[in-house]
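Down below is the structure, laid out as structure tokens.
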Amino acid sequence: MGSKKRGSASVVEEVAVEDSKLNDYSQKRASKKKKKEVEHDAIVENTLNVPSKPTDESLKPMERRKKRKAMDKERHRISIENKVTKAEQEASQGKGLDKIPLITSSMPTNGSGTPEFHISVFNNLASADASTREAAVEVLVKELLEVQKAYEKGGNEEVSEGGFKLEAEKDDGLDNCAPSVRYAVRRLIRGVSSSRECARQGFALGLTVLVSVIPSIRVGSLLKLILQLLEVTSSMKGQEAKDCLLGRLFAYGALARSRRLKDEWLSDKSTSSIKEFTSHLISLASKKRYLQEPAVSVLQNLIEMLPTEVVLNHVLEAPGLKEWFDGADDAGNPDALLLALEVRNRISVDSTIFGKLLPYPFSPSKVFTFAHLSSLTNCLKESGFCQPRVHGVWPVLVNILLPCNNLQDDTNVTSTIKKHKKSRKSGSSDEDLMRNLKCFCETVLEGSLLSSSHDRKHLAFDVILLMLPRLSASYLPIVLSYKFVRCLVDVLSTKDSWLFKVAEHFLKTLSDWVENDSTSESDTRRVYVIVALQKHSNGRFDFDTRTRTVRDLMTGFKTESGCKLLIQELTDMFLDDAVGSDEPSDQSQTTDDNSEMGSVDEKEDSAAMSSMSSDQLKSWVIESIPSITKNLKLDPEAIFRVQKEVMKFLAVQGLFYPSLGREVTSFELQEKFKWPKESIPGALSRMCVEQLQLLFSSSYKSNGLENDLGCYFTRFFSALCGIPTVSLIRRLSVEDEKVFKDLQAMESRLYMVERNCQPSSEEEKKLHALRYLLLQLVLQLLLQPAGDLSEAASELIICCQKAFAVHDLLDSAGEEETEHGESPHLMDVLVDTLLSILPQASAPMRSSVEQVFRFFCKDVTEDGLIRMLRVIKKDLKPSRRKVTDSGDYDDDDNDDDLLSIEEADEAEMASTGDESGDEKTDDTEAAVVSTKVVVGGEEVLEAASYDSESDEGMDDDAMFRMDSVVARIFQERKNQAGSGTAHSQLVLFKLRVLSLLEIYVHKNPGKPQVVSVYSNLLQAFLNPHTMEGSEQLGQRIKVILRKIFEAAEYPKLGEEGVQLSTLESLLEKSLMLASRPFKKKKSAAANNISKQQSSSWSRYRSIKSLAQDSTYWILKIIDGGGKKSTSEEPEEVSRVVVVEEVFKSSLAAYFESNKSELKPEFLKEIFKRRPWIGRLLFGFLVGKCIDTKSSSEFRRVEALELLLEILKQKKPEGIIILERHLPRVCRLIKELVTHMPEKQSRRAQVRKFCSKLFQIVMKQQSMTESFLNTLDPDAHPACQSQLGETFLALKKKLVVEN
């Protein structure tokens, strides 16, 4: 045991102790000038805990020799350090290598002129600072180089001051090197095994440079020293062994990078150093997994330096390399595969030494065959051990699989890939690349990685990200396969998944790769990514992953070609019947009878699921194709061409089906059209027609009068109808077919008339809007039986004939006359027709109806307007009050009922509370009729109340014109369905009519009919049954009323405008609404009280706000912008009298009743806007404030603010009013000061009024005297006592004036 070698750990500890004690010694020496050598020896001996003489008999001779040798070395080193300069001492104390003098032309020498080597430079080789390490290496190498030169010149002797030699072992093989160099080499080798800070990097760098500049260090001797000094023994623990193994790795790396192996081969072709080095490196890589990849990296660096001949005859012939290659596939060694690919790329010569890792002979197509890739799966699967970093074998494989000549954007290619440009073969065809890529994805990614652990799934994501910069867009369907997309969806659908962040990063990188592509292939990438994600997720990628990936990609198209490519790909996906069954079932087949029966059931279930998935995907295609045009930023012509392609797809798949086969060629259009093998369900056909309607609606809004998609559709539709083997998707009845052809013929005739109109004229716009409404009706007839639409379509055709003099179109479309020979007004019929279309209209058709109404609304008659307003006022629950509306629908009568409806219904609701709904049901059943209509593709029930009493005294023609829409909507009794559905559909119909009314108000703000619209809408808003259960309806009515109030134009008063009596009634009702108190409702259920009160209070505030705004608006109409106080015309006098009487009546109620809630702020606002009203009412208000019997103290004090507001008017109006009513004002002052209110707040208001009034008086000359003279002398003491300084100031003003 005594001859056992020291372990590397003990060597490292010894070196560390030497360095640390040397630092201590240097510091002590810096503080003390000089000490004796004996004292230094004692310090070293005490530090090492070794006696100066081996007296311990228990120590064996070998141990005593080792300790004595260590003590001699320390004594020798300390004697050398005694001569170190002060700068070197500072450097040894760690103050930075920047203070160490670098050797340039001369080296520090001892007294005899011999160069010296300072071992203190080793201290900084482990520094964490790279620049410090590099500086230390520079000093180290320069000193050792000078020492070696001096050694070679001086006869192979190195003598330091004092005659001591830097000892090194004599059998280390470095016989031609100076002892300092030999010592430095050994210490550098030992240093690379240290785990202290950056010791491995620093010592390896020093070893690399030292070996490269001193040729006397032989490679063979260096390899032996590495094995000798860093040998792993059985007594070493885990960390010690690991340090030694890593030290050897760093030492071999230093040797490889020093280029000494290449230089030795150049000097001696038969050298065995390269073989020995390769063998040692492979042997080291075989010891531990974590050593394989860096060992191969070292060997790669060496191979890059060596010529091909050396690689073939030395590296590949190294002992143990072939065996390492042979066992790599079974052991799963990715580093062996990496080395084989690197060597093959370097030498470009076929060799059998690689075993099964590479095919023989080698070619890229053979590498990516199924058989060869299957043999490499173990190696590739094991490459995931270095996560999150991607193993180096993958960039090499990707480079071979996807050469750079196929790159579209190589900016992100890693430097590892760039090394292999020489191996690219430009002759590879696209077919070979696609075949290789498909085999690679199916065998490696899907077959090995995705079907394995989470780590290997992570690796699959990383590999695809590595491939992305090199992928052409046409390869995306292969990479984004069914299994990969399903894995991506499964991971993203669960946030708790371990791979969620990985998949999220992949999806973001994929989106950025598409979005940031500035080449012409950007939209092509976008298309294939969208198709792959949606195709393999049945159109539910965004829904299942809870992202917006596909939606965002769909909105980013920039080119017309990209849009057309997407339409083509989605069309192919729609026509592909195997879309829902890409993956076969994994269930095993059995042969017994029971299992055979079971397999039949399972097959049926699987077929049903596949059909459902296919329908989901096809529905997404139908919804997505029209959305392509929504966000396009192209020129109008390009957008129109894209719209035509979208229209073709929707029309072919939604309107037609082939009688024979699945392909039809149109010679007229010179196009071929395809359908799926199995006929698509009716629901999908309906979706196509609905999307076609939406396309026409959006095209009308975006294209305007240019790029007429409707005209192209008519031609396209006629061409397909002319093909014998193509039929309409729905068989039309005789009546429907007649209406269908009439609509088409009328649309064609209107198009001819439109072409002859002046461009952009009002006539052309009307024709254009009517044509698109006819097209919407044509499509609607294909969705459902005509029914009521048949009559509406016929009436619309008649309206078109009358409006544009098109009389020779239809045989049956003659002049519609009544029994009395009179024709109804054209606009009345058009309004009735539009209203009859609305209940059954889809959103695009409603848009077309609104567009037609927008261009014709200026000609709407009062009767047509009343019909629309009657729809808004209909409700399912008739009021219990007696209905007094006449058939003439007099506005005055309606205005009289403006408040009675609200009050009667509120009283009814308060009295009934939460009682049983039997009574309500009976009332509803007596008044409700319903009919089945189609809204949004579903059959629902439409209902409304029909009040027969409102139709008394009307003839047949008036009856037809008034309730044509009601007669079409309500045909069956209500007992066929619940009233809840009926009510909701009635509200929906009212909302659609309100849209028309909003258009009318916007287009005709100055017409007198707007007052009728206002009156009826306000009455509908006040009816609780009309607003019940629909907050949206109330909000829409309020919006329209606000638009009426805020419009710049407003109706005028006059013979052809609004009558004064009508405005008088409306003004009176508005003031009454504004003064109504809040009534608390009774409720039988206590828990509903709070909720009902809150709802009632909100409604009360809305009504009060509308009443105030309506008052301002009515006064604006009455005022007409003039000053009413100075005019003496009869008409002007009547307006003034009307306004005065109405306000006096409301103010009298305000003073005499505590129930009035008329707010002073509201009245003050009226006086600000219409000062002449304040001047009219000033005397009346003063009188009411004086009268203490008919008004309360609170009201009188509150009215003082109104008086001040009137007096604030501009001069001279305010002064004139005050002078005119000065006696009554003085009487008011006397009444106020002699009967001051008891409450302090009211007394303050009185003082404020008096003070403001006195200030106004004092500002006017000669008014102070008249005011004081008019004021009763008995009131002077009261004024002085109550008002104090304010009244005294008034008196002083009088004295000054006199």
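Scheme for the structure tokens: letters A, B, ... for chains in order shown; per-chain residue numbers from 1; ligand numbers from 1 in order shown.
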
- Message: If you run DSSP on the backbone here, which positions in segment 626-809 of chain A get helix (DSSP H, G or I)? Please write them as an NGL selection string.
- Response: :A and (626-627 or 636-655 or 682-703 or 709-721 or 734-755 or 762-783 or 788-804)

- Go through A:Leu575, A:Ile1044, A:Ala1289, A:Ile625 one by one, measure the shortest atom-to-atom distance of each to Lys674 of chain A using only C-alpha atoms, and give the residue with the smallest value. A:Leu575

- For Glu1068 of chain A: contacts at 9 Å, only C-alpha atoms, fewer than 6 positions along chain excluded, given as a ChimeraX atom specification: /A:1111,1142-1143,1145-1146

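Shell of Leu466 of chain A at 8 Å, with only C-alpha atoms counted and residues fewer than 3 places along the chain excluded, is Pro395, Val398, Asp462, Val463 and Pro469 of chain A.
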
At a cut-off of 6 Å, using only C-alpha atoms, what residues contact segment 1005-1021 of chain A? Leave out same-chain residues fewer than 5 positions from it and give the result as a PDB file with all heavy atoms, in the first residue's frame.
```pdb
ATOM      1  N   LYS A 873     -96.708  50.403 -30.848  1.00  0.00           N
ATOM      2  CA  LYS A 873     -97.614  50.554 -29.714  1.00  0.00           C
ATOM      3  C   LYS A 873     -98.398  49.290 -29.399  1.00  0.00           C
ATOM      4  O   LYS A 873     -99.111  49.241 -28.396  1.00  0.00           O
ATOM      5  CB  LYS A 873     -98.591  51.706 -29.991  1.00  0.00           C
ATOM      6  CG  LYS A 873     -97.892  53.067 -30.062  1.00  0.00           C
ATOM      7  CD  LYS A 873     -98.824  54.143 -30.518  1.00  0.00           C
ATOM      8  CE  LYS A 873     -99.928  54.380 -29.501  1.00  0.00           C
ATOM      9  NZ  LYS A 873    -100.781  55.507 -29.880  1.00  0.00           N
ATOM     10  N   LEU A 898    -101.738  60.241 -23.155  1.00  0.00           N
ATOM     11  CA  LEU A 898    -100.302  60.072 -22.916  1.00  0.00           C
ATOM     12  C   LEU A 898     -99.994  59.699 -21.483  1.00  0.00           C
ATOM     13  O   LEU A 898     -99.163  58.848 -21.202  1.00  0.00           O
ATOM     14  CB  LEU A 898     -99.579  61.365 -23.293  1.00  0.00           C
ATOM     15  CG  LEU A 898     -98.070  61.281 -23.474  1.00  0.00           C
ATOM     16  CD1 LEU A 898     -97.754  60.363 -24.622  1.00  0.00           C
ATOM     17  CD2 LEU A 898     -97.488  62.649 -23.705  1.00  0.00           C
ATOM     18  N   GLU A1049     -81.968  70.386 -37.304  1.00  0.00           N
ATOM     19  CA  GLU A1049     -83.245  70.807 -37.888  1.00  0.00           C
ATOM     20  C   GLU A1049     -84.388  70.291 -37.027  1.00  0.00           C
ATOM     21  O   GLU A1049     -84.274  69.254 -36.370  1.00  0.00           O
ATOM     22  CB  GLU A1049     -83.381  70.269 -39.316  1.00  0.00           C
ATOM     23  CG  GLU A1049     -82.338  70.805 -40.273  1.00  0.00           C
ATOM     24  CD  GLU A1049     -82.581  70.317 -41.690  1.00  0.00           C
ATOM     25  OE1 GLU A1049     -83.756  70.089 -42.037  1.00  0.00           O
ATOM     26  OE2 GLU A1049     -81.595  70.128 -42.415  1.00  0.00           O
ATOM     27  N   TYR A1050     -85.504  70.997 -37.078  1.00  0.00           N
ATOM     28  CA  TYR A1050     -86.667  70.594 -36.311  1.00  0.00           C
ATOM     29  C   TYR A1050     -87.912  71.083 -37.030  1.00  0.00           C
ATOM     30  O   TYR A1050     -87.859  72.002 -37.871  1.00  0.00           O
ATOM     31  CB  TYR A1050     -86.606  71.149 -34.883  1.00  0.00           C
ATOM     32  CG  TYR A1050     -86.375  72.643 -34.814  1.00  0.00           C
ATOM     33  CD1 TYR A1050     -87.435  73.562 -34.828  1.00  0.00           C
ATOM     34  CD2 TYR A1050     -85.078  73.147 -34.745  1.00  0.00           C
ATOM     35  CE1 TYR A1050     -87.214  74.917 -34.782  1.00  0.00           C
ATOM     36  CE2 TYR A1050     -84.852  74.510 -34.699  1.00  0.00           C
ATOM     37  CZ  TYR A1050     -85.914  75.393 -34.712  1.00  0.00           C
ATOM     38  OH  TYR A1050     -85.702  76.739 -34.675  1.00  0.00           O
ATOM     39  N   PRO A1051     -89.080  70.490 -36.761  1.00  0.00           N
ATOM     40  CA  PRO A1051     -90.304  70.894 -37.455  1.00  0.00           C
ATOM     41  C   PRO A1051     -90.635  72.357 -37.177  1.00  0.00           C
ATOM     42  O   PRO A1051     -90.337  72.894 -36.105  1.00  0.00           O
ATOM     43  CB  PRO A1051     -91.358  69.943 -36.880  1.00  0.00           C
ATOM     44  CG  PRO A1051     -90.585  68.793 -36.359  1.00  0.00           C
ATOM     45  CD  PRO A1051     -89.287  69.343 -35.886  1.00  0.00           C
ATOM     46  N   GLY A1057     -96.979  73.201 -41.376  1.00  0.00           N
ATOM     47  CA  GLY A1057     -96.149  72.517 -40.394  1.00  0.00           C
ATOM     48  C   GLY A1057     -96.986  71.982 -39.247  1.00  0.00           C
ATOM     49  O   GLY A1057     -98.083  71.446 -39.441  1.00  0.00           O
ATOM     50  N   VAL A1058     -96.467  72.128 -38.046  1.00  0.00           N
ATOM     51  CA  VAL A1058     -97.124  71.600 -36.856  1.00  0.00           C
ATOM     52  C   VAL A1058     -98.145  72.618 -36.372  1.00  0.00           C
ATOM     53  O   VAL A1058     -97.888  73.831 -36.340  1.00  0.00           O
ATOM     54  CB  VAL A1058     -96.083  71.299 -35.754  1.00  0.00           C
ATOM     55  CG1 VAL A1058     -96.751  70.614 -34.578  1.00  0.00           C
ATOM     56  CG2 VAL A1058     -94.968  70.434 -36.319  1.00  0.00           C
TER      57      VAL A1058
END
```

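Residues lying within 7 Å of Lys558 of chain A, counting only C-alpha atoms and ignoring same-chain neighbours fewer than 4 positions away, are A:Asp523, A:Leu632, A:Lys633.
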
Output N, CA and C atoms of each residue in that selection to a file, as a PDB file, in the first residue's frame.
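As written to disk, part_21.pdb reads:
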```
ATOM      1  N   ASP A 523     -48.411  34.734 -47.596  1.00  0.00           N
ATOM      2  CA  ASP A 523     -49.797  34.279 -47.602  1.00  0.00           C
ATOM      3  C   ASP A 523     -49.900  32.789 -47.866  1.00  0.00           C
ATOM      4  N   LEU A 632     -59.644  42.679 -45.981  1.00  0.00           N
ATOM      5  CA  LEU A 632     -58.680  42.839 -47.071  1.00  0.00           C
ATOM      6  C   LEU A 632     -58.392  44.313 -47.321  1.00  0.00           C
ATOM      7  N   LYS A 633     -57.115  44.625 -47.507  1.00  0.00           N
ATOM      8  CA  LYS A 633     -56.699  45.978 -47.837  1.00  0.00           C
ATOM      9  C   LYS A 633     -56.104  45.977 -49.243  1.00  0.00           C
TER      10      LYS A 633
END
```

- Pairwise distance, atom CA of Ala1244 of chain A with atom CA of Leu1283 of chain A, equals 10.2 Å

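Of the residues listed (A:Thr494, A:Gln851, A:Gln1093, A:Ser1110), A:Gln851 shows the shortest atom-to-atom separation from Gly704 of chain A; distances use only C-alpha atoms.
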
- Message: Quick one: residues within 9 Å of Asp330 of chain A, only C-alpha atoms, excluding same-chain residues fewer than 6 positions away - as JSON, numbers by chain?
- Response: {"A": [375, 376, 378, 379]}

- With only C-alpha atoms as the atoms that count, which of A:Cys198, A:Ala473, A:Leu775, A:Cys857 lies nearest to Met746 of chain A? A:Leu775

- Task: Please measure the separation of atom CA of Cys1250 of chain A and atom CA of Ile1229 of chain A, giving the value in Å to one decimal.
- Result: 7.2 Å

- Can you tell me how far atom CA of Leu281 of chain A sits from atom CA of Ala340 of chain A, in Å to one decimal? 15.1 Å

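Ranking A:Ala331, A:Ile530, A:Ala204, A:Met868 by their shortest atom-to-atom distance to Arg133 of chain A, with only C-alpha atoms included, puts A:Ala204 first.
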